[in-house]
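Here's the structure we're looking at; comments come further down.
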Amino acid sequence: MAFPVTRLRRMRRTEPLRSMIRETSLSPADFVYPMFICPGEGVRKEVRSMPGVFNLSVDQAIREAREVHSLGVPSIILFGLPEKKDDVATGAWADDGIVQQAARAIKRELPALIIMGDVCLCEYMSHGHCGIVQTNNVPQSVGAASAVAAPPATDYEILNDASLEILARTAVSQVRAGIDIIAPSDMMDGRVAAIRKALDDAGFLNTPILSYAAKFASGFYGPFREAADSAPQFGDRRSYQMDGANIREAMREIELDLEEGADMIMVKPAMPYLDVIAAARERYDVPLAAYQVSGEYAMIEAAARNNWIDRDRVMMESLLSIRRAGAKIILTYFAKDASRLLA
């Protein structure tokens with residue numbers, strides 16, 4: 001019935017009433033906390049464009065992981081800053097790679113904490129791209145010596161199939177080191193199938209894959225590239241990351257990854273693509289994640305430091321919007337602060 005019999009404000013009068021009918025809720029259990037691991041000891045270097053986020057040496061990462069776990073956050077995801085980079089991403093798949101070192105150390109201290117491993121190559125490649133670079137028509141593989149670090153901006157290609165070998169090797173190396181969930185973020189075609197096969201062949205049949213299934217080429221990644229030292233040295237990533245205009249293509253990407261063996265799917269970034277999250281939730285009955293990326297975090301922090309917004313309120317509102325759109329798992333740099341407010 002219409003007004004005056006129906007008055008929707010009746011249930012908004014007090015917080016207990018609002019809480020009783022609240023449709024969407026947040027919990028620390030919804031969050032995954034990203035961490036950037038760097039060489040050294042005692043290193044806790046703040047990322048200039050991401051206040052409150054740090055490059056951490058392994059010993060400091062253990063401390064950070066312990067704090068995260070104590071707040072009820074069940075999972076972290078690790079990104080590595082290797083001592084050296086090359087054209088075949090050796091630091092990504094080496095047994096003593098920086099992520100592998102951190103995974104072993106954290107698992108020893110916190111066996112119940114779920115560790116996700118970001119499987120991408122940009123942090124480990126001298127050129128900053130997510131795959132093998134070719135400047136001629138000769139296919140290259142992991143052992144290719146002719147891959148070049150800095151070709152002319154218009155004279156290169158990111159080789160899809162040759163890159164799969166490195167991605168699969170990286171996934172297996174990470175799981176051997178203690179990673180619980182593999183999260184490929186490179187956007188190469190066929191990488192989920194390649195990783196699934198490599199894991200199964202290595203005896204890791206029960207290791208889940210959380211695929212960055214719909215990862216868009218976005219300007220919101222800028223601060224991350226500072227944190228992970230992963231900016232491309234030439235060109236951009238639009239030939240492999242998705243065009244932000246395409247939601248139907250995003251559904252195709254998700255469907256293909258699920259067919260190849262993905263156990264969970266992710267949309268990245270989150271807030272600029274809430275419609276994609278909602279469409280994925282409506283269409284696919286699998287666990288759905290979203291990444292509240294560095295640019296989203298940095299904008300909120302910058303506006304708050306200028307006293308233009310209420311930081312905590314906007315932080316929680318942004319996270320609630322992602323949850324409301326349908327993501328059950330939220331990767332966010334706000335995981336610790338949000339969990340404190342939810343306690």
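Every chain in the structure tokens has a letter given in the order shown (A, B, ...), and although residue numbers restart at 1 in each chain, ligands are simply numbered from 1 in the order shown.
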**OP:** Report the residues of range 94-279 of chain A whose backbone DSSP state falls under alpha helix (DSSP H), written as number ranges by chain.
**Re:** A: 98-109, 160-176, 191-201, 222-228, 247-260, 274-279
Original post:
Got a sec: who's within 8 Å of Arg104 in chain A, counting only C-alpha atoms, leaving out chain neighbours fewer than 3 positions off, as number ranges by chain?
Top reply: A: 100-101, 107-108, 177-178
Residues from the last selection, all heavy atoms, saved as a PDB file, in the first residue's frame:
```pdb
ATOM      1  N   GLN A 100      58.372 -17.485  -2.229  1.00  0.00           N
ATOM      2  CA  GLN A 100      58.557 -18.828  -1.678  1.00  0.00           C
ATOM      3  C   GLN A 100      59.176 -18.755  -0.283  1.00  0.00           C
ATOM      4  O   GLN A 100      58.757 -19.487   0.629  1.00  0.00           O
ATOM      5  CB  GLN A 100      59.438 -19.664  -2.616  1.00  0.00           C
ATOM      6  CG  GLN A 100      58.760 -20.095  -3.911  1.00  0.00           C
ATOM      7  CD  GLN A 100      58.741 -19.015  -4.992  1.00  0.00           C
ATOM      8  OE1 GLN A 100      59.088 -17.851  -4.734  1.00  0.00           O
ATOM      9  NE2 GLN A 100      58.343 -19.378  -6.199  1.00  0.00           N
ATOM     10  N   GLN A 101      60.163 -17.893  -0.098  1.00  0.00           N
ATOM     11  CA  GLN A 101      60.758 -17.722   1.231  1.00  0.00           C
ATOM     12  C   GLN A 101      59.717 -17.264   2.250  1.00  0.00           C
ATOM     13  O   GLN A 101      59.646 -17.789   3.370  1.00  0.00           O
ATOM     14  CB  GLN A 101      61.889 -16.689   1.162  1.00  0.00           C
ATOM     15  CG  GLN A 101      63.102 -17.103   0.351  1.00  0.00           C
ATOM     16  CD  GLN A 101      64.142 -15.996   0.317  1.00  0.00           C
ATOM     17  OE1 GLN A 101      64.394 -15.317   1.318  1.00  0.00           O
ATOM     18  NE2 GLN A 101      64.753 -15.774  -0.838  1.00  0.00           N
ATOM     19  N   LYS A 107      54.078 -19.885   7.002  1.00  0.00           N
ATOM     20  CA  LYS A 107      53.391 -21.151   7.298  1.00  0.00           C
ATOM     21  C   LYS A 107      53.926 -21.797   8.568  1.00  0.00           C
ATOM     22  O   LYS A 107      53.171 -22.413   9.335  1.00  0.00           O
ATOM     23  CB  LYS A 107      53.525 -22.113   6.119  1.00  0.00           C
ATOM     24  CG  LYS A 107      52.390 -22.053   5.121  1.00  0.00           C
ATOM     25  CD  LYS A 107      51.077 -22.431   5.771  1.00  0.00           C
ATOM     26  CE  LYS A 107      49.919 -22.222   4.829  1.00  0.00           C
ATOM     27  NZ  LYS A 107      48.615 -22.457   5.488  1.00  0.00           N
ATOM     28  N   ARG A 108      55.236 -21.675   8.788  1.00  0.00           N
ATOM     29  CA  ARG A 108      55.800 -22.232  10.022  1.00  0.00           C
ATOM     30  C   ARG A 108      55.199 -21.564  11.251  1.00  0.00           C
ATOM     31  O   ARG A 108      54.937 -22.215  12.263  1.00  0.00           O
ATOM     32  CB  ARG A 108      57.324 -22.062  10.029  1.00  0.00           C
ATOM     33  CG  ARG A 108      58.074 -23.066   9.180  1.00  0.00           C
ATOM     34  CD  ARG A 108      59.563 -23.079   9.508  1.00  0.00           C
ATOM     35  NE  ARG A 108      60.198 -21.795   9.211  1.00  0.00           N
ATOM     36  CZ  ARG A 108      60.778 -21.498   8.039  1.00  0.00           C
ATOM     37  NH1 ARG A 108      60.788 -22.389   7.062  1.00  0.00           N
ATOM     38  NH2 ARG A 108      61.340 -20.321   7.854  1.00  0.00           N
ATOM     39  N   ALA A 177      56.167 -24.435  -1.718  1.00  0.00           N
ATOM     40  CA  ALA A 177      56.655 -23.592  -0.621  1.00  0.00           C
ATOM     41  C   ALA A 177      55.606 -23.362   0.468  1.00  0.00           C
ATOM     42  O   ALA A 177      55.921 -22.770   1.495  1.00  0.00           O
ATOM     43  CB  ALA A 177      57.130 -22.255  -1.173  1.00  0.00           C
ATOM     44  N   GLY A 178      54.378 -23.797   0.228  1.00  0.00           N
ATOM     45  CA  GLY A 178      53.354 -23.649   1.258  1.00  0.00           C
ATOM     46  C   GLY A 178      52.161 -22.803   0.881  1.00  0.00           C
ATOM     47  O   GLY A 178      51.252 -22.610   1.699  1.00  0.00           O
TER      48      GLY A 178
END
```
Original post:
From the list A:Ser75, A:Ser239, A:Gln60, A:Ser173, which residue is nearest Ala198 in chain A when using only C-alpha atoms?
Top reply: A:Ser173
Original post:
Which residues come within 12 Å of Lys197 in chain A, counting only C-alpha atoms, excluding same-chain residues fewer than 4 positions away, as an MDAnalysis selection string?
Top reply: chainID A and resid 164:165 167:169 171:172 190:193 201:205 207 209 260:262
Original post:
So which one's closest to Phe79 in chain A, A:Met315, A:Ile195, A:Met242, A:Leu56? Using only C-alpha atoms, please.
Top reply: A:Leu56
